[in-house]
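As stored in structure37.cif (mmCIF, C-alpha atoms):
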```cif
data_query
#
loop_
_atom_site.label_atom_id
_atom_site.label_comp_id
_atom_site.auth_asym_id
_atom_site.auth_seq_id
_atom_site.Cartn_x
_atom_site.Cartn_y
_atom_site.Cartn_z
CA MET A 146 -28.58 -4.88 -9.66
CA ALA A 147 -25.63 -2.67 -10.66
CA GLN A 148 -26.33 -0.22 -13.43
CA LEU A 149 -24.50 -0.73 -16.71
CA PRO A 150 -21.77 1.74 -17.73
CA SER A 151 -22.99 4.48 -20.08
CA LYS A 152 -21.43 7.31 -22.05
CA ASP A 153 -21.56 9.41 -18.89
CA THR A 154 -19.95 6.82 -16.61
CA VAL A 155 -16.77 8.05 -14.90
CA LEU A 156 -13.98 5.53 -15.40
CA CYS A 157 -11.27 4.74 -12.86
CA VAL A 158 -8.56 2.13 -13.40
CA SER A 159 -5.53 0.57 -11.82
CA LEU A 160 -2.14 -0.25 -13.32
CA ALA A 161 -0.18 -3.16 -11.90
CA GLY A 162 2.34 -5.71 -13.04
CA ARG A 163 0.01 -8.38 -11.61
CA PRO A 164 -3.53 -6.94 -11.53
CA GLY A 165 -5.64 -8.11 -8.59
CA THR A 166 -9.33 -8.07 -7.75
CA PHE A 167 -9.45 -6.31 -4.38
CA GLY A 168 -9.54 -2.76 -5.74
CA VAL A 169 -12.02 -3.63 -8.47
CA ARG A 170 -14.47 -5.18 -6.04
CA PHE A 171 -13.93 -2.56 -3.31
CA HIS A 172 -14.47 0.50 -5.52
CA ASN A 173 -17.30 -0.91 -7.63
CA HIS A 174 -19.14 -2.10 -4.51
CA LEU A 175 -19.01 1.40 -3.02
CA TYR A 176 -20.02 3.00 -6.32
CA GLU A 177 -23.09 0.78 -6.41
CA GLN A 178 -24.00 1.28 -2.75
CA LEU A 179 -23.70 5.06 -3.05
CA GLY A 180 -25.46 5.28 -6.41
CA LEU A 181 -22.43 6.75 -8.20
CA ASP A 182 -22.11 6.45 -11.98
CA TYR A 183 -18.49 5.29 -11.76
CA TYR A 184 -16.77 2.11 -12.93
CA TYR A 185 -13.40 0.68 -11.90
CA LYS A 186 -11.25 -1.72 -13.95
CA ALA A 187 -7.86 -3.32 -13.30
CA MET A 188 -5.27 -3.17 -16.08
CA THR A 189 -1.60 -3.70 -16.83
CA THR A 190 0.66 -2.20 -19.48
CA GLN A 191 3.94 -2.65 -21.31
CA ASP A 192 4.02 1.06 -22.22
CA LEU A 193 3.63 3.22 -19.12
CA PRO A 194 4.04 6.65 -20.81
CA ALA A 195 1.32 5.74 -23.33
CA ALA A 196 -0.92 4.46 -20.53
CA VAL A 197 -0.64 7.70 -18.55
CA ALA A 198 -1.18 9.70 -21.73
CA GLY A 199 -4.31 7.63 -22.32
CA ILE A 200 -5.59 8.44 -18.83
CA ARG A 201 -5.17 12.12 -19.62
CA ALA A 202 -6.56 11.98 -23.16
CA LEU A 203 -9.57 9.79 -22.37
CA GLY A 204 -10.62 11.65 -19.25
CA ILE A 205 -10.11 8.69 -16.93
CA ARG A 206 -10.70 10.15 -13.48
CA GLY A 207 -8.38 8.11 -11.31
CA CYS A 208 -5.75 5.41 -11.43
CA GLY A 209 -4.33 3.19 -8.72
CA VAL A 210 -0.64 2.48 -9.33
CA SER A 211 1.08 -0.68 -8.09
CA MET A 212 4.48 -2.26 -8.61
CA PRO A 213 6.46 -1.94 -10.79
CA PHE A 214 5.13 1.50 -11.77
CA LYS A 215 5.21 3.46 -8.50
CA GLU A 216 8.43 5.32 -9.17
CA ALA A 217 8.41 5.38 -12.97
CA CYS A 218 5.13 7.34 -12.97
CA LEU A 219 6.69 10.33 -11.24
CA ALA A 220 8.13 11.80 -14.42
CA LEU A 221 4.80 11.50 -16.24
CA VAL A 222 2.52 13.62 -14.03
CA ASP A 223 1.82 17.34 -13.73
CA GLU A 224 1.65 17.74 -9.96
CA ILE A 225 2.91 15.72 -7.00
CA ASP A 226 1.20 15.78 -3.62
CA PRO A 227 3.47 16.01 -0.52
CA SER A 228 2.44 12.43 0.38
CA ALA A 229 4.31 11.27 -2.75
CA ALA A 230 6.93 13.99 -3.18
CA ALA A 231 8.63 13.25 0.12
CA ILE A 232 9.30 9.65 -0.83
CA ASP A 233 9.54 9.70 -4.65
CA SER A 234 6.90 6.98 -4.91
CA ILE A 235 3.23 7.14 -5.87
CA ASN A 236 0.24 4.85 -5.86
CA THR A 237 -2.60 7.10 -7.01
CA LEU A 238 -3.23 9.40 -9.98
CA VAL A 239 -6.11 11.86 -10.08
CA ASN A 240 -7.01 13.45 -13.41
CA THR A 241 -8.80 16.80 -13.17
CA GLN A 242 -9.56 18.23 -16.62
CA GLY A 243 -6.35 16.85 -18.09
CA ILE A 244 -4.11 17.77 -15.13
CA ILE A 245 -2.77 14.65 -13.44
CA LYS A 246 -1.76 14.84 -9.79
CA ALA A 247 0.05 12.03 -7.99
CA TYR A 248 -0.50 10.92 -4.39
CA ASN A 249 0.67 8.13 -2.12
CA THR A 250 -2.24 6.77 -0.10
CA ASP A 251 -0.06 3.88 1.13
CA TYR A 252 1.85 6.46 3.15
CA LEU A 253 -1.38 8.00 4.44
CA ALA A 254 -2.76 4.57 5.39
CA VAL A 255 0.33 3.57 7.37
CA ARG A 256 0.34 6.88 9.26
CA GLN A 257 -3.31 6.30 10.20
CA LEU A 258 -2.69 2.70 11.27
CA LEU A 259 0.20 3.63 13.55
CA GLU A 260 -2.14 6.06 15.28
CA GLN A 261 -5.11 3.69 15.38
CA HIS A 262 -3.02 0.90 16.90
CA ARG A 263 -1.39 3.37 19.31
CA VAL A 264 2.13 2.26 18.50
CA ASP A 265 4.58 4.15 20.72
CA PRO A 266 7.04 6.16 18.56
CA ASP A 267 9.81 5.15 20.99
CA THR A 268 9.43 1.56 19.74
CA ALA A 269 12.51 0.28 17.91
CA PHE A 270 11.74 -1.62 14.72
CA ALA A 271 13.26 -3.52 11.82
CA LEU A 272 11.72 -3.02 8.38
CA ARG A 273 12.50 -5.57 5.69
CA GLY A 274 12.33 -4.22 2.14
CA SER A 275 13.66 -1.37 0.01
CA GLY A 276 11.18 -0.88 -2.88
CA GLY A 277 8.49 1.71 -3.50
CA MET A 278 6.16 0.40 -0.79
CA ALA A 279 9.06 0.21 1.67
CA LYS A 280 9.72 3.90 1.01
CA ALA A 281 6.12 4.72 1.87
CA VAL A 282 6.15 2.66 5.07
CA ALA A 283 9.57 3.80 6.28
CA SER A 284 8.71 7.43 5.59
CA ALA A 285 5.43 7.08 7.48
CA PHE A 286 7.33 5.72 10.48
CA ARG A 287 9.88 8.55 10.25
CA ASP A 288 7.22 11.25 10.01
CA ALA A 289 5.30 9.70 12.91
CA GLY A 290 8.35 10.23 15.13
CA PHE A 291 9.94 6.77 15.08
CA GLU A 292 13.70 7.29 15.39
CA GLN A 293 15.02 3.81 16.16
CA GLY A 294 14.77 1.92 12.89
CA ILE A 295 16.78 -0.59 10.90
CA ILE A 296 16.25 -1.17 7.19
CA VAL A 297 16.93 -4.82 6.34
CA ALA A 298 17.56 -5.23 2.61
CA ARG A 299 19.83 -7.45 0.55
CA ASN A 300 19.99 -4.74 -2.11
CA GLU A 301 22.67 -2.64 -0.45
CA GLN A 302 22.34 0.41 -2.69
CA ALA A 303 18.56 0.70 -2.30
CA GLY A 304 18.66 -0.29 1.36
CA ARG A 305 21.34 2.22 2.31
CA GLN A 306 19.63 4.96 0.34
CA LEU A 307 16.29 4.38 2.08
CA ALA A 308 17.99 4.19 5.47
CA ASP A 309 19.90 7.41 4.84
CA VAL A 310 16.81 9.30 3.67
CA CYS A 311 14.83 8.26 6.74
CA GLY A 312 17.65 8.55 9.27
CA TYR A 313 17.81 4.81 10.00
CA ARG A 314 20.51 2.14 9.88
CA TRP A 315 20.90 -0.44 7.12
CA GLN A 316 21.99 -4.04 7.22
CA ALA A 317 21.67 -6.88 4.73
CA GLU A 318 20.18 -9.39 7.19
CA LEU A 319 18.51 -9.13 10.59
CA GLY A 320 20.96 -11.62 12.05
CA ASP A 321 20.59 -12.17 15.78
CA LEU A 322 18.83 -8.87 16.42
CA CYS A 323 15.40 -9.06 18.08
CA PRO A 324 13.79 -5.60 17.89
CA PRO A 325 10.42 -4.96 19.59
CA MET A 326 8.64 -4.45 16.25
CA LEU A 327 9.03 -6.30 12.97
CA VAL A 328 7.74 -4.85 9.69
CA ASN A 329 7.64 -6.87 6.47
CA VAL A 330 7.45 -4.86 3.25
CA THR A 331 8.49 -7.60 0.82
CA PRO A 332 6.49 -10.19 -1.17
CA ILE A 333 7.51 -12.93 1.30
CA GLY A 334 4.33 -14.71 2.35
CA MET A 335 2.27 -13.46 -0.61
CA ALA A 336 -0.22 -15.98 -2.00
CA GLY A 337 0.90 -17.35 -5.35
CA GLY A 338 4.45 -16.06 -4.94
CA PRO A 339 7.63 -18.16 -4.82
CA GLU A 340 7.94 -17.58 -1.04
CA ALA A 341 4.27 -17.93 -0.14
CA ASP A 342 4.97 -20.30 2.74
CA HIS A 343 8.08 -18.53 4.07
CA LEU A 344 8.53 -16.33 7.14
CA ALA A 345 9.86 -12.83 6.51
CA PHE A 346 11.88 -12.93 9.75
CA PRO A 347 13.61 -15.63 11.82
CA THR A 348 11.35 -17.45 14.25
CA MET A 349 13.54 -16.31 17.16
CA ALA A 350 12.95 -12.65 16.27
CA ILE A 351 9.20 -13.16 15.91
CA GLU A 352 9.02 -14.87 19.29
CA ALA A 353 10.90 -11.99 20.91
CA ALA A 354 8.96 -9.19 19.17
CA GLU A 355 6.26 -7.19 20.90
CA ARG A 356 4.37 -6.39 17.68
CA VAL A 357 4.35 -7.52 14.04
CA PHE A 358 3.30 -5.58 10.93
CA ASP A 359 3.02 -7.33 7.54
CA VAL A 360 1.97 -5.26 4.51
CA VAL A 361 1.21 -8.38 2.44
CA ALA A 362 -2.57 -8.32 2.00
CA MET A 363 -3.26 -11.59 0.20
CA PRO A 364 -3.68 -13.68 2.22
CA GLU A 365 -4.54 -11.63 5.29
CA ARG A 366 -3.10 -14.37 7.49
CA THR A 367 0.41 -14.69 6.06
CA PRO A 368 2.82 -17.13 7.72
CA LEU A 369 4.27 -14.17 9.64
CA ILE A 370 0.86 -13.01 10.87
CA GLU A 371 -0.22 -16.58 11.67
CA LEU A 372 2.82 -17.20 13.86
CA ALA A 373 2.61 -13.81 15.56
CA ARG A 374 -1.06 -14.31 16.40
CA SER A 375 -0.43 -17.82 17.70
CA LEU A 376 2.11 -16.28 20.07
CA GLY A 377 -0.38 -13.65 21.22
CA LYS A 378 1.40 -10.73 19.57
CA PRO A 379 -0.51 -7.60 18.48
CA VAL A 380 -0.45 -7.39 14.67
CA ILE A 381 -1.15 -4.91 11.88
CA THR A 382 -2.13 -6.65 8.66
CA GLY A 383 -1.76 -5.89 4.99
CA LEU A 384 -5.53 -6.06 4.63
CA GLU A 385 -5.78 -3.05 6.93
CA VAL A 386 -3.30 -1.19 4.73
CA ILE A 387 -4.96 -2.05 1.42
CA ALA A 388 -8.41 -1.17 2.77
CA LEU A 389 -7.34 2.22 4.13
CA GLN A 390 -5.34 3.19 1.06
CA ALA A 391 -8.24 2.15 -1.19
CA LEU A 392 -10.60 4.26 0.90
CA GLU A 393 -8.37 7.31 0.52
CA GLN A 394 -8.22 6.67 -3.24
CA PHE A 395 -12.01 6.48 -3.35
CA VAL A 396 -12.27 9.85 -1.59
CA LEU A 397 -9.79 11.42 -4.00
CA TYR A 398 -11.68 10.09 -7.03
CA THR A 399 -15.21 10.93 -5.89
CA GLY A 400 -14.95 13.63 -3.21
CA ILE A 401 -17.16 11.44 -0.98
CA ARG A 402 -16.11 9.75 2.27
CA PRO A 403 -18.26 6.65 2.96
CA THR A 404 -19.32 5.66 6.45
CA ARG A 405 -17.33 3.11 8.44
CA GLU A 406 -20.13 0.59 7.92
CA GLN A 407 -20.10 1.11 4.16
CA VAL A 408 -16.33 0.66 4.05
CA ASP A 409 -16.47 -2.51 6.16
CA LEU A 410 -19.07 -3.97 3.80
CA ALA A 411 -16.92 -3.08 0.78
CA VAL A 412 -13.85 -4.69 2.35
CA ALA A 413 -15.80 -7.86 3.17
CA TYR A 414 -17.09 -7.99 -0.41
CA ALA A 415 -13.63 -7.34 -1.89
CA ARG A 416 -12.10 -10.16 0.16
CA GLN A 417 -14.41 -12.68 -1.50
CA GLY A 418 -12.78 -12.12 -4.86
#
```

Conversion result in structure tokens:
Amino acid sequence: MAQLPSKDTVLCVSLAGRPGTFGVRFHNHLYEQLGLDYYYKAMTTQDLPAAVAGIRALGIRGCGVSMPFKEACLALVDEIDPSAAAIDSINTLVNTQGIIKAYNTDYLAVRQLLEQHRVDPDTAFALRGSGGMAKAVASAFRDAGFEQGIIVARNEQAGRQLADVCGYRWQAELGDLCPPMLVNVTPIGMAGGPEADHLAFPTMAIEAAERVFDVVAMPERTPLIELARSLGKPVITGLEVIALQALEQFVLYTGIRPTREQVDLAVAYARQG
């Protein structure tokens, strides 16, 4: 049985426009398994500066940051890690005696996944999206040596800016192009969203692709992933991203790196929520 929080319990939180349960279950499961007097709670806010000030003032150790706060938080912290500074987007705050440092473990997770899946940097790809998460993913591809990229985004200003920063091309729609790798970094396919049953790319492009990467984590088997798997394509899923980035957050908060088995158990538990 999990121990109850006490006056000495270290508190970690998350801030999101639509708080989820994955991080809560993942972190608290590991805290319990490792006997750590920590507690994790998901929150949202209508006053981001006050929320960050509260993290500092109340001694909250860590904070996961999700949309729509990933860029707005930058002006509210004391230090910015290179993982976040290079892309002007954060997803993690660590409070050390009132000094708040920002990181981007999404970026770190994508870099690790590209290595783990042995994706050849010569692979051309199309990335759909232009928000904070798209910045993390596109920058991870760039820094991993991928030079042949297209940013597909209807928001021309944001899309062009991201493409220019990363050295890629921009276009509003994929059109008839069929690149070897497709990367979805939009909410298309997300459970509960308005496009939950939609494909992020045309069927023709998915059929022609050699590999598919969808950062949407809930559900793990999005329509894009389902179709790609049915066609026998190698895939990288959003669940892999969320699990790796949560692990790196856990390490930043606690200074402890769990075993692979412990992480797998925490992921399995978190998925039940």

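Neighbouring residues of region 198-213 of chain A at 7 Å or closer, counting all atoms listed in the file and skipping chain neighbours under 4 positions away, are Val155, Leu156, Cys157, Val158, Ser159, Leu160, Ala161, Gly162, Pro194, Ile235, Asn236, Thr237, Leu238, Val239, Asn240, Thr241, Gly243 and Tyr398 of chain A.
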
I would like the residues chosen by the PyMOL selection byres ((chain A and resi 217-233) around 6) on the shown file; could you give them as a PDB file with C-alpha atoms, in the coordinates of the input?
```pdb
ATOM      1  CA  PHE A 214       5.130   1.500 -11.770  1.00  0.00           C
ATOM      2  CA  LYS A 215       5.210   3.460  -8.500  1.00  0.00           C
ATOM      3  CA  GLU A 216       8.430   5.320  -9.170  1.00  0.00           C
ATOM      4  CA  SER A 234       6.900   6.980  -4.910  1.00  0.00           C
ATOM      5  CA  ILE A 235       3.230   7.140  -5.870  1.00  0.00           C
ATOM      6  CA  ILE A 245      -2.770  14.650 -13.440  1.00  0.00           C
ATOM      7  CA  LYS A 246      -1.760  14.840  -9.790  1.00  0.00           C
ATOM      8  CA  ALA A 247       0.050  12.030  -7.990  1.00  0.00           C
ATOM      9  CA  TYR A 248      -0.500  10.920  -4.390  1.00  0.00           C
ATOM     10  CA  ASN A 249       0.670   8.130  -2.120  1.00  0.00           C
TER      11      ASN A 249
END
```

Task: 12 Å contact set for Ala336 (chain A), only C-alpha atoms, chain neighbours under 6 positions out, as number ranges by chain - done: A: 165, 342-343, 361-368

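Taking CA of Ala345 (chain A) and CA of Leu369 (chain A) as the two end points, the separation is 6.5 Å.
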
- [ ] Report the residues retrieved by the PyMOL selection byres ((chain A and resi 344) around 12) from the displayed file, expressed as an NGL selection string.
- [x] :A and (273 or 327-329 or 331-335 or 340-343 or 345-351 or 357 or 359 or 361 or 366-373)

Open item on the list: I need the residue nearest Cys323 (chain A) from this list: A:Ala269, A:Leu397, A:Leu376, A:Leu193. Use all atoms listed in the file for the distance.
Closed with: A:Ala269

Task: Using all atoms listed in the file: which of A:Met278, A:Val169, A:Ala271, A:Ala187 has the shortest distance to Tyr252 (chain A) - done: A:Met278

- [ ] Return as a list in words the set of residues that the PyMOL selection byres ((chain A and resi 179) around 12) yields on the displayed structure.
- [x] Ala147, Gln148, His172, Asn173, His174, Leu175, Tyr176, Glu177, Gln178, Gly180, Leu181, Asp182, Tyr183, Phe395, Thr399, Ile401, Arg402, Pro403, Thr404, Gln407, Val408 and Ala411 of chain A

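CA of Asp265 (chain A) is found 21.6 Å from CA of Val310 (chain A).
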
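CA of Ala354 (chain A) is found 28.4 Å from CA of Arg416 (chain A).
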
Open item on the list: Under the rule that all atoms listed in the file are counted, which of A:Val412, A:Val255, A:Leu149, A:Val360 is the nearest residue to Ala289 (chain A)?
Closed with: A:Val255

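The nearest approach to Leu307 (chain A) among the residues A:Gln242, A:Thr166, A:Gln261, A:Ser284, with only C-alpha atoms taken into account, belongs to A:Ser284.
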
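Among the candidates A:Pro164, A:Gly337, A:Gly400, A:Gly294, the one nearest to Val282 (chain A) when counting all atoms listed in the file is A:Gly294.
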
Open item on the list: Which residues are close to Asp288 (chain A), i.e. within 10 Å by only C-alpha atoms, leaving aside same-chain residues fewer than 3 positions away? Reply as a VMD selection string.
Closed with: chain A and resid 252 256 266 282 to 285 291 to 292 311

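Considering the residues A:Ala303, A:Met326, A:Leu259, A:Met188 and counting only C-alpha atoms, Gly168 (chain A) has its shortest atom-to-atom contact with A:Met188.
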
TODO: With a distance cut-off of 6 Å and all atoms listed in the file, select the neighbouring residues of Gln390 (chain A), excluding the residue or stretch itself and same-chain residues fewer than 5 positions from it, and output the selection as a PyMOL selection string.
DONE: chain A and resi 250-251+254
